[in-house]
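Next comes my_file_3.cif, with mmCIF, C-alpha atoms.
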data_upload
#
loop_
_atom_site.group_PDB
_atom_site.id
_atom_site.type_symbol
_atom_site.label_atom_id
_atom_site.label_comp_id
_atom_site.auth_asym_id
_atom_site.auth_seq_id
_atom_site.Cartn_x
_atom_site.Cartn_y
_atom_site.Cartn_z
ATOM 1 C CA MET A 1 0.000 0.000 0.000
ATOM 2 C CA ASN A 2 1.367 3.419 -1.010
ATOM 3 C CA ASP A 3 1.496 5.865 1.852
ATOM 4 C CA LEU A 4 1.634 9.392 0.363
ATOM 5 C CA SER A 5 2.232 10.873 3.792
ATOM 6 C CA SER A 6 5.410 8.891 4.317
ATOM 7 C CA ASN A 7 8.787 10.533 4.257
ATOM 8 C CA ALA A 8 9.787 8.759 1.079
ATOM 9 C CA PRO A 9 11.873 11.124 -1.080
ATOM 10 C CA PHE A 10 10.322 12.491 -4.246
ATOM 11 C CA SER A 11 12.379 13.066 -7.337
ATOM 12 C CA ASN A 12 13.029 16.684 -8.376
ATOM 13 C CA THR A 13 10.574 16.351 -11.260
ATOM 14 C CA HIS A 14 7.702 16.295 -8.772
ATOM 15 C CA PHE A 15 8.579 19.819 -7.677
ATOM 16 C CA GLY A 16 8.981 21.328 -11.143
ATOM 17 C CA GLU A 17 5.601 23.060 -11.103
ATOM 18 C CA ILE A 18 6.410 24.842 -7.841
ATOM 19 C CA THR A 19 9.750 25.946 -9.271
ATOM 20 C CA GLN A 20 7.969 27.294 -12.343
ATOM 21 C CA LEU A 21 5.529 29.242 -10.145
ATOM 22 C CA ILE A 22 8.439 30.832 -8.276
ATOM 23 C CA VAL A 23 10.277 31.745 -11.487
ATOM 24 C CA ALA A 24 7.124 33.238 -13.017
ATOM 25 C CA ALA A 25 6.421 35.272 -9.861
ATOM 26 C CA ARG A 26 9.982 36.602 -9.854
ATOM 27 C CA GLN A 27 9.704 37.621 -13.497
ATOM 28 C CA ARG A 28 6.437 39.445 -12.811
ATOM 29 C CA ALA A 29 7.991 41.188 -9.807
ATOM 30 C CA VAL A 30 10.988 42.328 -11.850
ATOM 31 C CA GLN A 31 8.696 43.581 -14.631
ATOM 32 C CA THR A 32 6.545 45.454 -12.105
ATOM 33 C CA VAL A 33 9.593 47.117 -10.552
ATOM 34 C CA ASN A 34 10.917 48.006 -14.005
ATOM 35 C CA THR A 35 7.561 49.500 -15.030
ATOM 36 C CA GLU A 36 7.433 51.627 -11.871
ATOM 37 C CA LEU A 37 11.039 52.739 -12.331
ATOM 38 C CA ILE A 38 10.525 53.790 -15.973
ATOM 39 C CA GLU A 39 7.328 55.646 -15.006
ATOM 40 C CA LEU A 40 9.218 57.403 -12.195
ATOM 41 C CA TYR A 41 11.966 58.452 -14.638
ATOM 42 C CA TRP A 42 9.240 59.705 -17.005
ATOM 43 C CA GLN A 43 7.626 61.794 -14.252
ATOM 44 C CA VAL A 44 10.955 63.208 -13.055
ATOM 45 C CA GLY A 45 11.889 64.033 -16.664
ATOM 46 C CA ALA A 46 8.517 65.743 -17.198
ATOM 47 C CA TYR A 47 8.929 67.789 -14.011
ATOM 48 C CA ILE A 48 12.434 68.942 -14.934
ATOM 49 C CA SER A 49 11.341 69.685 -18.503
ATOM 50 C CA ARG A 50 8.433 71.860 -17.357
ATOM 51 C CA LYS A 51 10.621 73.763 -14.892
ATOM 52 C CA ILE A 52 13.296 74.460 -17.515
ATOM 53 C CA GLU A 53 10.755 75.375 -20.232
ATOM 54 C CA ALA A 54 9.101 77.827 -17.840
ATOM 55 C CA ALA A 55 12.542 79.326 -17.134
ATOM 56 C CA GLU A 56 12.121 78.520 -13.446
ATOM 57 C CA TRP A 57 15.164 76.250 -13.488
ATOM 58 C CA GLY A 58 18.497 76.263 -15.249
ATOM 59 C CA ASP A 59 21.172 73.588 -15.577
ATOM 60 C CA GLY A 60 22.598 74.606 -12.205
ATOM 61 C CA VAL A 61 19.348 73.787 -10.419
ATOM 62 C CA VAL A 62 19.415 70.261 -11.862
ATOM 63 C CA SER A 63 22.913 69.845 -10.405
ATOM 64 C CA GLN A 64 21.591 71.054 -7.057
ATOM 65 C CA LEU A 65 18.741 68.554 -7.302
ATOM 66 C CA ALA A 66 21.223 65.718 -7.907
ATOM 67 C CA ASP A 67 23.256 66.850 -4.854
ATOM 68 C CA HIS A 68 20.080 67.132 -2.752
ATOM 69 C CA LEU A 69 18.947 63.630 -3.681
ATOM 70 C CA ALA A 70 22.393 62.191 -2.940
ATOM 71 C CA LEU A 71 22.304 63.826 0.495
ATOM 72 C CA THR A 72 18.697 63.092 1.480
ATOM 73 C CA GLN A 73 18.399 59.650 -0.140
ATOM 74 C CA PRO A 74 21.661 57.873 0.733
ATOM 75 C CA GLY A 75 22.151 54.728 -1.299
ATOM 76 C CA LEU A 76 19.763 55.888 -4.024
ATOM 77 C CA ARG A 77 21.323 55.258 -7.399
ATOM 78 C CA GLY A 78 20.490 56.594 -10.847
ATOM 79 C CA PHE A 79 19.779 60.210 -9.947
ATOM 80 C CA THR A 80 23.051 61.832 -10.933
ATOM 81 C CA ARG A 81 23.033 65.138 -12.812
ATOM 82 C CA ARG A 82 23.723 63.293 -16.055
ATOM 83 C CA ASN A 83 20.913 60.798 -15.526
ATOM 84 C CA LEU A 84 18.460 63.547 -14.534
ATOM 85 C CA PHE A 85 19.128 65.220 -17.885
ATOM 86 C CA ARG A 86 18.633 61.842 -19.587
ATOM 87 C CA MET A 87 15.239 61.579 -17.882
ATOM 88 C CA ARG A 88 14.366 65.003 -19.241
ATOM 89 C CA GLN A 89 15.477 63.973 -22.739
ATOM 90 C CA PHE A 90 13.544 60.683 -22.393
ATOM 91 C CA TYR A 91 10.360 62.595 -21.616
ATOM 92 C CA GLU A 92 10.856 65.257 -24.302
ATOM 93 C CA VAL A 93 11.603 62.759 -27.080
ATOM 94 C CA TYR A 94 8.675 60.441 -26.359
ATOM 95 C CA ARG A 95 5.960 62.747 -24.975
ATOM 96 C CA ALA A 96 4.327 63.178 -28.414
ATOM 97 C CA GLU A 97 4.682 59.516 -29.411
ATOM 98 C CA GLU A 98 1.668 57.850 -27.782
ATOM 99 C CA LYS A 99 2.008 54.498 -29.526
ATOM 100 C CA VAL A 100 5.628 54.202 -28.406
ATOM 101 C CA SER A 101 5.063 55.178 -24.777
ATOM 102 C CA ALA A 102 3.449 51.811 -23.989
ATOM 103 C CA LEU A 103 6.617 50.058 -25.171
ATOM 104 C CA LEU A 104 8.972 52.010 -22.931
ATOM 105 C CA THR A 105 8.019 50.313 -19.673
ATOM 106 C CA GLN A 106 8.522 46.856 -21.179
ATOM 107 C CA LEU A 107 12.268 47.379 -21.418
ATOM 108 C CA PRO A 108 14.904 48.184 -18.811
ATOM 109 C CA TRP A 109 16.302 51.716 -18.550
ATOM 110 C CA SER A 110 19.589 50.632 -20.169
ATOM 111 C CA HIS A 111 17.707 49.475 -23.310
ATOM 112 C CA ASN A 112 15.769 52.730 -23.441
ATOM 113 C CA LEU A 113 18.993 54.731 -23.183
ATOM 114 C CA ILE A 114 20.598 52.745 -26.006
ATOM 115 C CA VAL A 115 17.642 53.337 -28.338
ATOM 116 C CA LEU A 116 17.335 56.979 -27.286
ATOM 117 C CA GLY A 117 21.024 57.678 -27.760
ATOM 118 C CA GLN A 118 21.596 55.807 -31.019
ATOM 119 C CA SER A 119 18.350 56.208 -32.975
ATOM 120 C CA LYS A 120 17.547 59.512 -34.617
ATOM 121 C CA GLN A 121 14.061 59.035 -36.092
ATOM 122 C CA SER A 122 10.786 58.174 -34.413
ATOM 123 C CA GLU A 123 10.210 55.172 -36.728
ATOM 124 C CA GLU A 124 13.691 53.854 -36.013
ATOM 125 C CA ARG A 125 13.191 54.120 -32.239
ATOM 126 C CA GLU A 126 9.855 52.304 -32.448
ATOM 127 C CA PHE A 127 11.398 49.609 -34.667
ATOM 128 C CA TYR A 128 14.170 48.821 -32.164
ATOM 129 C CA LEU A 129 11.908 49.033 -29.118
ATOM 130 C CA ARG A 130 9.450 46.569 -30.641
ATOM 131 C CA LEU A 131 12.145 44.129 -31.761
ATOM 132 C CA ALA A 132 13.985 44.280 -28.434
ATOM 133 C CA ILE A 133 10.736 43.331 -26.682
ATOM 134 C CA GLN A 134 9.742 40.680 -29.228
ATOM 135 C CA GLU A 135 13.161 39.027 -29.377
ATOM 136 C CA LYS A 136 14.014 39.565 -25.681
ATOM 137 C CA TRP A 137 17.352 41.077 -26.634
ATOM 138 C CA LEU A 138 19.954 41.761 -24.001
ATOM 139 C CA SER A 139 21.405 45.260 -24.155
ATOM 140 C CA ARG A 140 24.543 44.044 -26.002
ATOM 141 C CA GLU A 141 22.448 42.442 -28.747
ATOM 142 C CA LEU A 142 20.279 45.534 -29.070
ATOM 143 C CA GLU A 143 23.360 47.703 -29.425
ATOM 144 C CA ARG A 144 24.865 45.294 -31.966
ATOM 145 C CA GLN A 145 21.708 45.357 -34.109
ATOM 146 C CA ILE A 146 21.595 49.158 -34.036
ATOM 147 C CA LYS A 147 25.290 49.442 -34.954
ATOM 148 C CA SER A 148 24.754 46.996 -37.811
ATOM 149 C CA ALA A 149 21.996 49.312 -39.141
ATOM 150 C CA LEU A 150 19.251 46.692 -38.988
ATOM 151 C CA PHE A 151 16.569 49.359 -39.382
ATOM 152 C CA GLU A 152 18.129 50.803 -42.534
ATOM 153 C CA ARG A 153 18.766 47.366 -44.006
ATOM 154 C CA SER A 154 15.175 46.291 -43.413
ATOM 155 C CA LEU A 155 14.033 49.329 -45.413
ATOM 156 C CA THR A 156 16.485 49.016 -48.289
ATOM 157 C CA GLN A 157 16.790 45.233 -48.550
ATOM 158 C CA PRO A 158 13.407 43.586 -48.026
ATOM 159 C CA ALA A 159 13.496 39.824 -47.696
ATOM 160 C CA LYS A 160 13.531 37.804 -50.929
ATOM 161 C CA VAL A 161 10.922 35.061 -51.114
ATOM 162 C CA SER A 162 10.454 32.811 -54.132
ATOM 163 C CA ALA A 163 7.263 33.115 -56.207
ATOM 164 C CA VAL A 164 6.273 29.509 -55.410
ATOM 165 C CA LEU A 165 6.647 30.068 -51.674
ATOM 166 C CA ARG A 166 4.723 33.356 -51.936
ATOM 167 C CA GLN A 167 1.834 31.555 -53.694
ATOM 168 C CA THR A 168 1.670 28.544 -51.396
ATOM 169 C CA HIS A 169 2.307 30.488 -48.168
ATOM 170 C CA PRO A 170 1.372 34.172 -48.564
ATOM 171 C CA GLU A 171 2.360 34.850 -44.955
ATOM 172 C CA ALA A 172 5.969 33.791 -45.658
ATOM 173 C CA LEU A 173 7.143 37.315 -46.402
ATOM 174 C CA SER A 174 6.169 38.482 -42.939
ATOM 175 C CA VAL A 175 8.019 35.534 -41.403
ATOM 176 C CA PHE A 176 11.253 36.564 -43.131
ATOM 177 C CA LYS A 177 10.659 40.288 -42.714
ATOM 178 C CA ASP A 178 13.016 40.638 -39.764
ATOM 179 C CA ALA A 179 16.460 40.767 -41.324
ATOM 180 C CA TYR A 180 19.001 39.774 -38.702
ATOM 181 C CA VAL A 181 22.723 40.090 -38.883
ATOM 182 C CA VAL A 182 24.149 36.680 -39.678
ATOM 183 C CA GLU A 183 27.683 37.668 -40.552
ATOM 184 C CA PHE A 184 29.033 34.511 -38.924
ATOM 185 C CA LEU A 185 27.629 32.534 -41.876
ATOM 186 C CA GLY A 186 30.049 34.219 -44.280
ATOM 187 C CA LEU A 187 27.423 34.902 -46.948
ATOM 188 C CA VAL A 188 28.105 37.184 -49.879
ATOM 189 C CA GLN A 189 26.523 40.653 -49.921
ATOM 190 C CA GLY A 190 22.955 40.477 -51.289
ATOM 191 C CA HIS A 191 22.657 36.734 -50.611
ATOM 192 C CA THR A 192 19.528 34.789 -51.514
ATOM 193 C CA GLU A 193 17.641 31.989 -49.801
ATOM 194 C CA VAL A 194 19.592 29.474 -51.935
ATOM 195 C CA ASP A 195 22.859 30.768 -50.455
ATOM 196 C CA LEU A 196 21.578 29.874 -46.975
ATOM 197 C CA HIS A 197 21.120 26.260 -48.018
ATOM 198 C CA THR A 198 24.669 25.987 -49.385
ATOM 199 C CA VAL A 199 26.378 27.138 -46.183
#
Is it possible to give me this structure as structure tokens?
Amino acid sequence: MNDLSSNAPFSNTHFGEITQLIVAARQRAVQTVNTELIELYWQVGAYISRKIEAAEWGDGVVSQLADHLALTQPGLRGFTRRNLFRMRQFYEVYRAEEKVSALLTQLPWSHNLIVLGQSKQSEEREFYLRLAIQEKWLSRELERQIKSALFERSLTQPAKVSAVLRQTHPEALSVFKDAYVVEFLGLVQGHTEVDLHTV
């Protein structure tokens, strides 16, 4: 007779569901903290922007604010003079872009700074924000894709799909739409789908 209340050891596979619950809860907690942090940076940036636009504050006041925060909030990180101005820039760049603002909280601050600092156009920023979320890029990969001009290449070199594939699977073009950098394959410039099969 099997006694489920006995102290017989269970294998680790029996506890997998509990482990998954813990991992999922941690991920949600991290996302919640990130969302709150990005919204805080947005609000601080908006406040600074309004004060400077109204000529109530100058650059020197922002430096004083950074010093004040360092003194009154010991251990608080991320509120240096430089980062306060980044928060202002963050707010000013995205305040008119409603469809992009929902994306901002889905990425860490470091990702937002990379996109903000290295993308010049609104469409380009949205492109990288969306892909970074979709592909779950780490900051290094995001930076690599921006430096490799993925946005520009996706505009100038749309994916090539054979006529037969286009007829049998009309959705195929959208599947291949994201042009990733695959320089490690050693393909010639302007390669085709056939070249991929010969590697």
Which residues would end up in the selection if the PyMOL selection byres ((chain A and resi 138-150) around 7) were applied here, given that I need the answer as an MDAnalysis selection string?
chainID A and resid 110:111 114 132 136:137 151:154 179:180
Atomic separation - atom CA of Tyr91 of chain A relative to atom CA of Trp42 of chain A, Å
5.6 Å
Can you give me, as a list in words, the residues this file yields under the PyMOL selection byres ((chain A and resi 85) around 10)?
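Output of the PyMOL selection byres ((chain A and resi 85) around 10): Val44, Gly45, Ile48, Ser49, Asp59, Val62, Ser63, Phe79, Thr80, Arg81, Arg82, Asn83, Leu84, Arg86, Met87, Arg88, Gln89, Phe90 and Tyr91 of chain A.
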Within 12 Å of Arg130 of chain A, counting only C-alpha atoms, which residues show up once you throw out same-chain ones fewer than 6 positions away? Write them as a VMD selection string, please.
chain A and resid 99 to 107 111 to 112 115 123 to 124 136 to 137 142 151 178
Have a look at atom CA of Arg50 of chain A and atom CA of Thr32 of chain A and let me know their distance in Å, one decimal.
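About the pair atom CA of Arg50 of chain A and atom CA of Thr32 of chain A: they are 27.0 Å apart.
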Take atom CA of Ala24 of chain A and atom CA of Glu39 of chain A and report the distance between them in Å, one decimal.
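Spanning atom CA of Ala24 of chain A to atom CA of Glu39 of chain A is a straight-line distance of 22.5 Å.
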Apply the PyMOL selection byres ((chain A and resi 122) around 9) to the structure shown and report the selected residues as a PyMOL selection string.
chain A and resi 93-94+97+100+119-121+123-127
Using all atoms listed in the file for the distances, tell me which of A:Ala96, A:Leu65, A:Leu113, A:Ala25 is nearest to Ile38 of chain A.
A:Leu113
